[in-house]
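Visitor: Dropping in my_file-v3.txt, with compact mmCIF, C-alpha atoms.
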```txt
# COMPACT_ATOMS: atom_id res chain seq x y z
CA MET A 1 -74.70 -54.69 149.17
CA VAL A 2 -75.56 -58.22 150.34
CA GLN A 3 -72.91 -60.83 151.06
CA ILE A 4 -73.76 -64.36 149.92
CA GLY A 5 -72.93 -67.33 152.13
CA TYR A 6 -72.72 -71.09 151.86
CA THR A 7 -74.40 -73.44 154.36
CA MET A 8 -72.74 -76.61 155.60
CA MET A 9 -75.99 -78.44 156.32
CA THR A 10 -74.93 -81.16 158.73
CA GLU A 11 -78.28 -82.91 158.31
CA GLN A 12 -77.58 -83.86 154.70
CA ALA A 13 -73.90 -84.83 154.42
CA GLY A 14 -71.21 -86.66 156.36
CA PRO A 15 -68.32 -84.90 158.09
CA ARG A 16 -65.63 -85.43 155.43
CA GLU A 17 -68.00 -84.35 152.68
CA LEU A 18 -68.99 -81.20 154.59
CA VAL A 19 -65.36 -80.14 154.84
CA ASP A 20 -64.81 -80.85 151.14
CA HIS A 21 -67.87 -78.75 150.33
CA VAL A 22 -66.78 -75.68 152.29
CA VAL A 23 -63.30 -75.86 150.76
CA ARG A 24 -64.94 -75.77 147.33
CA ALA A 25 -67.28 -72.96 148.47
CA GLU A 26 -64.24 -70.89 149.41
CA GLU A 27 -62.73 -71.55 145.98
CA ALA A 28 -66.02 -70.65 144.28
CA GLY A 29 -66.03 -67.24 145.94
CA PHE A 30 -68.74 -67.41 148.60
CA ASP A 31 -68.36 -64.55 151.08
CA PHE A 32 -68.90 -66.57 154.25
CA SER A 33 -70.18 -69.91 155.52
CA VAL A 34 -72.50 -71.13 158.25
CA THR A 35 -72.94 -74.56 159.83
CA SER A 36 -76.01 -76.11 161.40
CA ASP A 37 -75.53 -77.77 164.82
CA HIS A 38 -77.90 -80.73 165.10
CA TYR A 39 -78.22 -84.11 166.78
CA PHE A 40 -80.98 -85.29 164.42
CA PRO A 41 -81.86 -84.50 160.81
CA TRP A 42 -85.24 -82.85 160.27
CA LEU A 43 -86.39 -85.74 158.08
CA ARG A 44 -85.01 -89.27 157.70
CA SER A 45 -84.47 -88.62 154.00
CA GLN A 46 -81.69 -86.15 154.87
CA GLY A 47 -79.83 -89.00 156.50
CA HIS A 48 -76.99 -87.35 158.48
CA SER A 49 -76.09 -85.40 161.60
CA PRO A 50 -72.37 -85.40 162.50
CA TYR A 51 -70.96 -83.33 165.35
CA ALA A 52 -70.78 -79.79 164.00
CA TRP A 53 -67.89 -78.61 166.18
CA ALA A 54 -65.54 -81.35 164.97
CA VAL A 55 -66.51 -80.47 161.39
CA LEU A 56 -65.80 -76.79 162.09
CA GLY A 57 -62.37 -77.59 163.52
CA ALA A 58 -61.48 -79.51 160.38
CA ALA A 59 -62.93 -76.76 158.18
CA ALA A 60 -60.87 -74.13 160.00
CA GLN A 61 -57.70 -76.01 159.06
CA ALA A 62 -58.77 -76.88 155.52
CA THR A 63 -59.73 -73.30 154.54
CA SER A 64 -57.88 -70.01 154.73
CA ARG A 65 -60.27 -67.18 153.83
CA ILE A 66 -63.93 -68.02 154.25
CA PRO A 67 -65.53 -67.00 157.57
CA LEU A 68 -67.15 -69.76 159.66
CA MET A 69 -70.21 -69.54 161.88
CA THR A 70 -72.62 -71.77 163.81
CA TYR A 71 -76.19 -71.35 162.58
CA VAL A 72 -77.08 -71.94 165.34
CA THR A 73 -75.85 -73.51 168.57
CA CYS A 74 -78.16 -73.89 171.55
CA PRO A 75 -76.12 -73.19 174.73
CA THR A 76 -78.67 -74.41 177.27
CA PHE A 77 -79.42 -78.16 177.03
CA ARG A 78 -76.98 -80.41 175.15
CA TYR A 79 -74.16 -78.00 175.93
CA HIS A 80 -73.46 -76.07 179.10
CA PRO A 81 -72.69 -72.40 178.27
CA ALA A 82 -69.22 -72.64 179.83
CA VAL A 83 -68.38 -75.43 177.38
CA VAL A 84 -69.81 -73.46 174.45
CA ALA A 85 -67.54 -70.54 175.37
CA GLN A 86 -64.49 -72.82 175.40
CA LYS A 87 -65.40 -74.36 172.03
CA ALA A 88 -65.99 -70.97 170.44
CA ALA A 89 -62.74 -69.50 171.72
CA THR A 90 -60.86 -72.53 170.38
CA LEU A 91 -62.53 -72.21 166.95
CA GLN A 92 -61.63 -68.54 166.83
CA LEU A 93 -57.97 -69.46 167.41
CA LEU A 94 -57.99 -72.33 164.91
CA SER A 95 -59.59 -70.17 162.23
CA GLU A 96 -57.33 -67.19 162.99
CA GLY A 97 -60.22 -64.86 163.68
CA ARG A 98 -62.74 -66.13 161.10
CA PHE A 99 -65.34 -67.58 163.51
CA ARG A 100 -68.65 -66.14 164.67
CA LEU A 101 -70.73 -67.85 167.35
CA GLY A 102 -74.36 -68.01 166.30
CA LEU A 103 -76.67 -68.84 169.22
CA GLY A 104 -80.34 -69.71 169.53
CA SER A 105 -82.79 -71.06 172.09
CA GLY A 106 -82.88 -74.46 170.37
CA GLU A 107 -85.28 -77.07 169.07
CA ASN A 108 -86.72 -80.03 170.90
CA LEU A 109 -85.54 -82.18 167.97
CA ASN A 110 -81.94 -81.86 169.11
CA GLU A 111 -82.08 -80.97 172.78
CA HIS A 112 -84.39 -83.75 174.04
CA VAL A 113 -81.58 -86.30 173.79
CA VAL A 114 -80.10 -85.35 177.19
CA GLY A 115 -83.40 -86.09 178.93
CA GLY A 116 -83.99 -82.72 180.56
CA GLY A 117 -87.46 -82.18 179.17
CA TRP A 118 -88.57 -79.29 176.97
CA PRO A 119 -89.85 -76.32 178.99
CA SER A 120 -92.11 -73.50 177.84
CA VAL A 121 -90.73 -70.82 175.54
CA ASP A 122 -90.59 -68.28 178.39
CA VAL A 123 -88.34 -70.56 180.42
CA ARG A 124 -86.19 -71.28 177.38
CA HIS A 125 -85.70 -67.54 176.86
CA GLU A 126 -84.68 -67.13 180.51
CA MET A 127 -82.18 -69.95 180.17
CA PHE A 128 -80.85 -68.55 176.92
CA GLU A 129 -80.29 -65.06 178.31
CA GLU A 130 -78.44 -66.45 181.32
CA ALA A 131 -76.30 -68.64 179.04
CA VAL A 132 -75.34 -65.71 176.80
CA GLU A 133 -74.30 -63.68 179.83
CA ILE A 134 -72.07 -66.54 181.03
CA ILE A 135 -70.43 -66.86 177.62
CA ARG A 136 -69.82 -63.11 177.47
CA ALA A 137 -68.24 -63.16 180.94
CA LEU A 138 -65.89 -66.01 180.02
CA PHE A 139 -64.82 -64.23 176.83
CA GLU A 140 -63.67 -61.32 179.00
CA GLY A 141 -61.05 -63.53 180.70
CA GLY A 142 -60.44 -64.28 184.35
CA HIS A 143 -62.31 -66.66 186.60
CA VAL A 144 -66.09 -66.76 186.42
CA ASN A 145 -68.32 -67.87 189.29
CA HIS A 146 -72.05 -67.87 188.69
CA ARG A 147 -75.03 -68.99 190.74
CA GLY A 148 -78.06 -68.46 188.56
CA THR A 149 -81.63 -69.55 188.15
CA HIS A 150 -80.73 -72.18 185.60
CA PHE A 151 -76.91 -72.56 185.54
CA ASP A 152 -74.01 -72.75 187.94
CA VAL A 153 -70.43 -71.99 186.98
CA GLU A 154 -67.67 -72.87 189.43
CA SER A 155 -64.40 -70.92 189.00
CA ALA A 156 -64.30 -71.34 185.21
CA ARG A 157 -61.67 -69.72 183.05
CA LEU A 158 -60.76 -69.93 179.38
CA TRP A 159 -57.01 -70.52 179.22
CA ASP A 160 -56.76 -70.13 175.45
CA LEU A 161 -58.45 -66.90 174.48
CA PRO A 162 -58.13 -65.19 171.10
CA ASP A 163 -57.13 -61.54 170.95
CA GLU A 164 -60.65 -60.77 169.75
CA ALA A 165 -63.55 -62.84 171.07
CA PRO A 166 -65.87 -64.40 168.50
CA PRO A 167 -68.76 -62.07 167.68
CA LEU A 168 -72.05 -63.34 169.09
CA GLY A 169 -75.00 -63.75 166.75
CA ILE A 170 -78.45 -64.28 168.23
CA ALA A 171 -81.31 -65.92 166.35
CA VAL A 172 -84.65 -64.10 166.53
CA SER A 173 -88.27 -64.91 165.83
CA GLY A 174 -90.21 -62.33 167.87
CA GLU A 175 -90.03 -59.25 170.08
CA ARG A 176 -88.49 -60.99 173.10
CA SER A 177 -85.62 -62.53 171.16
CA CYS A 178 -85.07 -59.27 169.25
CA GLU A 179 -84.71 -57.40 172.56
CA LEU A 180 -82.10 -59.90 173.72
CA ALA A 181 -80.26 -59.80 170.38
CA GLY A 182 -80.16 -56.01 170.33
CA ARG A 183 -78.86 -55.84 173.88
CA LEU A 184 -76.40 -58.75 173.99
CA GLY A 185 -75.65 -59.70 170.37
CA ASP A 186 -73.08 -58.43 167.90
CA LEU A 187 -75.29 -59.49 164.99
CA VAL A 188 -78.76 -60.84 164.43
CA ILE A 189 -79.81 -64.10 162.75
CA ALA A 190 -83.16 -64.90 161.14
CA THR A 191 -84.58 -67.43 158.69
CA GLU A 192 -87.42 -65.28 157.36
CA PRO A 193 -87.13 -61.97 155.46
CA LYS A 194 -89.26 -60.03 157.93
CA ALA A 195 -88.35 -56.36 158.15
CA GLY A 196 -90.23 -56.17 161.45
CA LEU A 197 -87.65 -58.41 163.12
CA LEU A 198 -84.84 -56.11 162.08
CA GLU A 199 -86.79 -53.05 163.16
CA ALA A 200 -87.29 -54.59 166.60
CA PHE A 201 -83.60 -55.50 166.72
CA ASP A 202 -82.71 -51.87 165.96
CA ARG A 203 -85.07 -50.54 168.64
CA HIS A 204 -83.26 -52.58 171.26
CA GLY A 205 -79.72 -51.57 170.36
CA GLY A 206 -79.00 -53.44 167.14
CA GLU A 207 -78.73 -50.49 164.78
CA GLY A 208 -75.66 -50.77 162.56
CA LYS A 209 -74.94 -54.39 163.46
CA PRO A 210 -74.82 -57.13 160.79
CA ARG A 211 -78.01 -59.06 160.06
CA VAL A 212 -77.79 -62.56 158.61
CA GLY A 213 -80.57 -64.47 156.87
CA GLN A 214 -80.81 -67.94 155.41
CA LEU A 215 -82.58 -69.24 152.32
CA PRO A 216 -83.04 -72.81 151.00
CA VAL A 217 -82.49 -73.32 147.27
CA CYS A 218 -82.40 -76.40 145.07
CA TYR A 219 -80.23 -76.27 141.97
CA ASP A 220 -80.55 -78.99 139.36
CA PRO A 221 -80.50 -78.81 135.54
CA ASP A 222 -83.68 -80.93 135.74
CA ARG A 223 -86.21 -78.72 137.53
CA ASN A 224 -88.54 -81.62 138.23
CA ALA A 225 -85.71 -83.48 139.94
CA ALA A 226 -84.96 -80.36 141.99
CA VAL A 227 -88.57 -80.01 143.10
CA LYS A 228 -88.76 -83.69 144.01
CA ARG A 229 -85.55 -83.48 146.07
CA ALA A 230 -86.65 -80.29 147.81
CA HIS A 231 -89.97 -81.91 148.73
CA SER A 232 -88.27 -85.06 149.98
CA GLN A 233 -85.74 -83.32 152.20
CA PHE A 234 -86.98 -79.79 152.97
CA ARG A 235 -90.78 -79.69 153.09
CA TRP A 236 -90.54 -79.06 156.86
CA PHE A 237 -89.04 -75.61 156.28
CA GLY A 238 -92.31 -73.73 155.86
CA SER A 239 -93.80 -74.82 159.19
CA GLY A 240 -92.35 -71.86 161.08
CA TRP A 241 -90.26 -71.87 164.22
CA LYS A 242 -93.21 -72.04 166.63
CA VAL A 243 -93.82 -75.53 165.23
CA ASN A 244 -90.27 -76.52 164.35
CA ALA A 245 -88.95 -75.76 167.84
CA GLU A 246 -91.46 -78.08 169.50
CA LEU A 247 -91.43 -81.35 167.52
CA PRO A 248 -89.17 -83.99 169.08
CA HIS A 249 -88.23 -86.41 166.27
CA PRO A 250 -87.86 -86.72 162.48
CA ASP A 251 -90.96 -88.91 162.49
CA SER A 252 -92.87 -85.97 164.01
CA PHE A 253 -91.80 -83.81 161.08
CA GLU A 254 -92.82 -86.56 158.67
CA ALA A 255 -96.31 -86.55 160.18
CA ALA A 256 -96.55 -82.76 160.39
CA THR A 257 -95.65 -82.33 156.71
CA GLN A 258 -97.48 -85.29 155.18
CA PHE A 259 -99.91 -83.05 153.30
CA VAL A 260 -97.30 -80.63 151.94
CA THR A 261 -97.20 -81.08 148.16
CA GLN A 262 -94.41 -80.70 145.65
CA ASP A 263 -96.23 -77.66 144.27
CA ASP A 264 -96.22 -76.11 147.76
CA VAL A 265 -92.47 -76.57 148.00
CA ALA A 266 -91.84 -75.27 144.48
CA GLU A 267 -93.68 -72.05 145.33
CA ALA A 268 -91.56 -71.47 148.44
CA ILE A 269 -88.09 -72.64 147.30
CA PRO A 270 -86.36 -71.69 144.02
CA CYS A 271 -85.74 -74.92 142.09
CA GLY A 272 -83.91 -75.62 138.82
CA ASP A 273 -81.12 -73.75 137.08
CA ASP A 274 -82.60 -70.33 136.29
CA PRO A 275 -80.42 -67.83 138.19
CA ASP A 276 -83.14 -65.18 137.96
CA ALA A 277 -85.39 -67.31 140.18
CA PHE A 278 -82.65 -67.49 142.80
CA VAL A 279 -82.04 -63.74 142.57
CA GLU A 280 -85.74 -63.05 143.13
CA ALA A 281 -85.76 -65.35 146.15
CA VAL A 282 -82.89 -63.37 147.73
CA ARG A 283 -84.50 -60.01 146.94
CA PRO A 284 -86.94 -59.95 149.92
CA TYR A 285 -83.99 -60.33 152.28
CA ALA A 286 -82.14 -57.45 150.63
CA GLU A 287 -85.24 -55.27 150.70
CA ALA A 288 -85.87 -56.09 154.37
CA GLY A 289 -82.36 -54.91 155.26
CA PHE A 290 -80.35 -58.11 155.62
CA THR A 291 -76.64 -57.60 155.01
CA GLU A 292 -75.83 -61.30 154.54
CA VAL A 293 -77.79 -64.25 153.17
CA ALA A 294 -76.59 -67.85 153.53
CA LEU A 295 -77.94 -70.14 150.82
CA VAL A 296 -78.75 -73.78 151.62
CA GLN A 297 -78.41 -76.06 148.62
CA ILE A 298 -80.73 -78.99 149.25
CA GLY A 299 -79.22 -82.45 148.88
CA GLY A 300 -75.78 -83.57 150.01
CA GLU A 301 -74.86 -85.34 146.78
CA SER A 302 -75.80 -82.27 144.71
CA GLN A 303 -73.25 -79.96 146.34
CA PRO A 304 -70.36 -80.33 143.84
CA ALA A 305 -72.56 -79.51 140.84
CA TYR A 306 -74.21 -76.64 142.73
CA LEU A 307 -70.86 -75.15 143.72
CA ASP A 308 -69.58 -75.30 140.16
CA TRP A 309 -72.77 -73.61 138.91
CA SER A 310 -72.58 -71.03 141.67
CA GLU A 311 -69.05 -70.02 140.72
CA LYS A 312 -69.87 -69.66 137.03
CA THR A 313 -73.48 -68.45 137.09
CA LEU A 314 -75.22 -67.85 140.41
CA LEU A 315 -72.73 -65.70 142.31
CA PRO A 316 -72.14 -63.34 139.35
CA ALA A 317 -75.92 -62.95 138.97
CA LEU A 318 -76.40 -62.22 142.67
CA ARG A 319 -73.58 -59.69 142.70
CA ASP A 320 -74.98 -57.96 139.66
CA ALA A 321 -78.30 -57.65 141.49
CA PHE A 322 -77.14 -56.83 145.03
CA GLY A 323 -73.58 -55.55 144.83
```
Using C-alpha cells, write down the structure from this file.

Guide:
Amino acid sequence: MVQIGYTMMTEQAGPRELVDHVVRAEEAGFDFSVTSDHYFPWLRSQGHSPYAWAVLGAAAQATSRIPLMTYVTCPTFRYHPAVVAQKAATLQLLSEGRFRLGLGSGENLNEHVVGGGWPSVDVRHEMFEEAVEIIRALFEGGHVNHRGTHFDVESARLWDLPDEAPPLGIAVSGERSCELAGRLGDLVIATEPKAGLLEAFDRHGGEGKPRVGQLPVCYDPDRNAAVKRAHSQFRWFGSGWKVNAELPHPDSFEAATQFVTQDDVAEAIPCGDDPDAFVEAVRPYAEAGFTEVALVQIGGESQPAYLDWSEKTLLPALRDAFG
C-alpha cells in the first residue's frame, strides 16, 4: 500500500494560492501533503518563492485532516536549528498533530542569501548532524546549552511544546545521509526511486520507518501543452542532487539545462491526461519500497484542473494499482 501526497510547490504559486490548493487537495482525498521551503525558484519561469512557514501556518488553520510536512527545510544556514525547532513545535500545535519536519542539508540556491558561503559536502553533513541533534534536544523540553563545532545554543527552551514532537524526516542521497537518517530520523525522504537508498537506511536503523518519495507530473488534456510546461518549469529536475545542491541562482539552472529538450522531459515526467502513464511513473517507487509518494503537479495555474482530475480519475487509478 502506497499513500499518495500533494505537493505545495512554493516555487510556482503565491501564498494565498498555495493554501487554496492544499484545501482542495484535502477535499480531493490526497493522503498527505508536503511543502517546499525555498528562497528562490529553480527557474525564473516558475516565478514564486513565498515563505513556506507562513504558508504552513495558514494551511494548518485552513485544513482539518491532511497531514503537513516540509520537503525539506535546511536547518543550518538561513535558519538556526534552535529556530527551526521552535517553528516546528508551533506548527505541530497549530495543526493538532498533523505536522512532520522534513530536513535536508540544503541547496546553495537558497542558502547563499545569508552570505555564509557554501562549504564542501562533508562540512555540510557535519553541520546538518549537529543541527538535528540540537532540534531533538529541544523537542525533549528543558533548557538546552550547546557549544559545538558549528553552532552555539545559549539556554534555549521551547515554551510551547506539543504532547508529541513532530516526527523528523531526513532527506538522503547517499550512504552518509542514509546513516544519519537511520540513526536520527523517524522517516526517510528521497526524490529518486532507488532501492539502494532504502536498503542503506534500513542497515543503519531505519527498518520499519516510513519512507517518502516525490515525483513530478504534468497533467493537461493537451499533452503537448503539458510537455511544453514541464520543459519550461521543471527541466532542472533530472540534473541530480550533486548538481542541484551546488548551483547558486536560477540563471545557473537556466545555463545548466539549456540543452535539455522537450523530448528529454517527456521521457522522464508523465505528461497529459492518461492515468496509466502516471500509475507507471509511481510504480518504481512502490517496487523500491516507498510507503508514500508526493506528486508535484507542474504549473501553479494548472492546480485547480489537476486537483479535479485527481479526485475523479488519478487517485482512484493509483489506489487500484497500489492499495

Visitor: Give me, as CSV, each residue of stretch 196-268 of chain A that comes within 12 Å of stretch 64-76 of chain A, together with its shortest interatomic pair and the distance in Å at one decimal, counting only C-alpha atoms, with rows ordered by chain and rising residue number.

Guide:
```
residue,atom,partner,partner_atom,distance
A:Val212,CA,A:Tyr71,CA,9.8
A:Gly213,CA,A:Tyr71,CA,10.0
A:Gln214,CA,A:Tyr71,CA,9.2
A:Ala245,CA,A:Cys74,CA,11.6
```

Visitor: The centre and edge lengths of an axis-aligned box containing all atoms of stretch 42-46 of chain A present in the file, extended by 6 Å on each side, are to be given in Å to one decimal, as AutoDock Vina command-line options.

Guide:
```
--center_x -84.0 --center_y -86.1 --center_z 157.1 --size_x 16.7 --size_y 18.4 --size_z 18.3
```

Visitor: List the neighbours of stretch 305-311 of chain A out to 8 Å using all atoms listed in the file; skip same-chain residues closer than 2 positions along the sequence, and give me the result as a list of chain:residue names.

Guide: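 Listed by chain and then number, they are A:Arg24, A:Ala25, A:Ala28, A:Gly29, A:Tyr219, A:Asp220, A:Gln297, A:Ser302, A:Gln303, A:Thr313, A:Leu314, A:Leu315, A:Pro316.
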
Visitor: Give me, please, the distance in Å between atom CA of A:Gly205 and atom CA of A:Arg183, quoted to one decimal.

Guide: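 Pair atom CA of A:Gly205 / atom CA of A:Arg183 returns 5.6 Å.
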
Visitor: Please compute the atom CA of A:Lys228-atom CA of A:Glu254 distance, one decimal, in Å.

Guide: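 Result for atom CA of A:Lys228 versus atom CA of A:Glu254: 15.5 Å, one decimal.
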
Visitor: Skipping near chain neighbours, those fewer than 5 positions away, what residues fall within 12 Å of A:Thr10 using all atoms listed in the file, listed as a ChimeraX atom specification?

Guide: /A:15-19,21-22,34-42,46-56,70-72,296-300
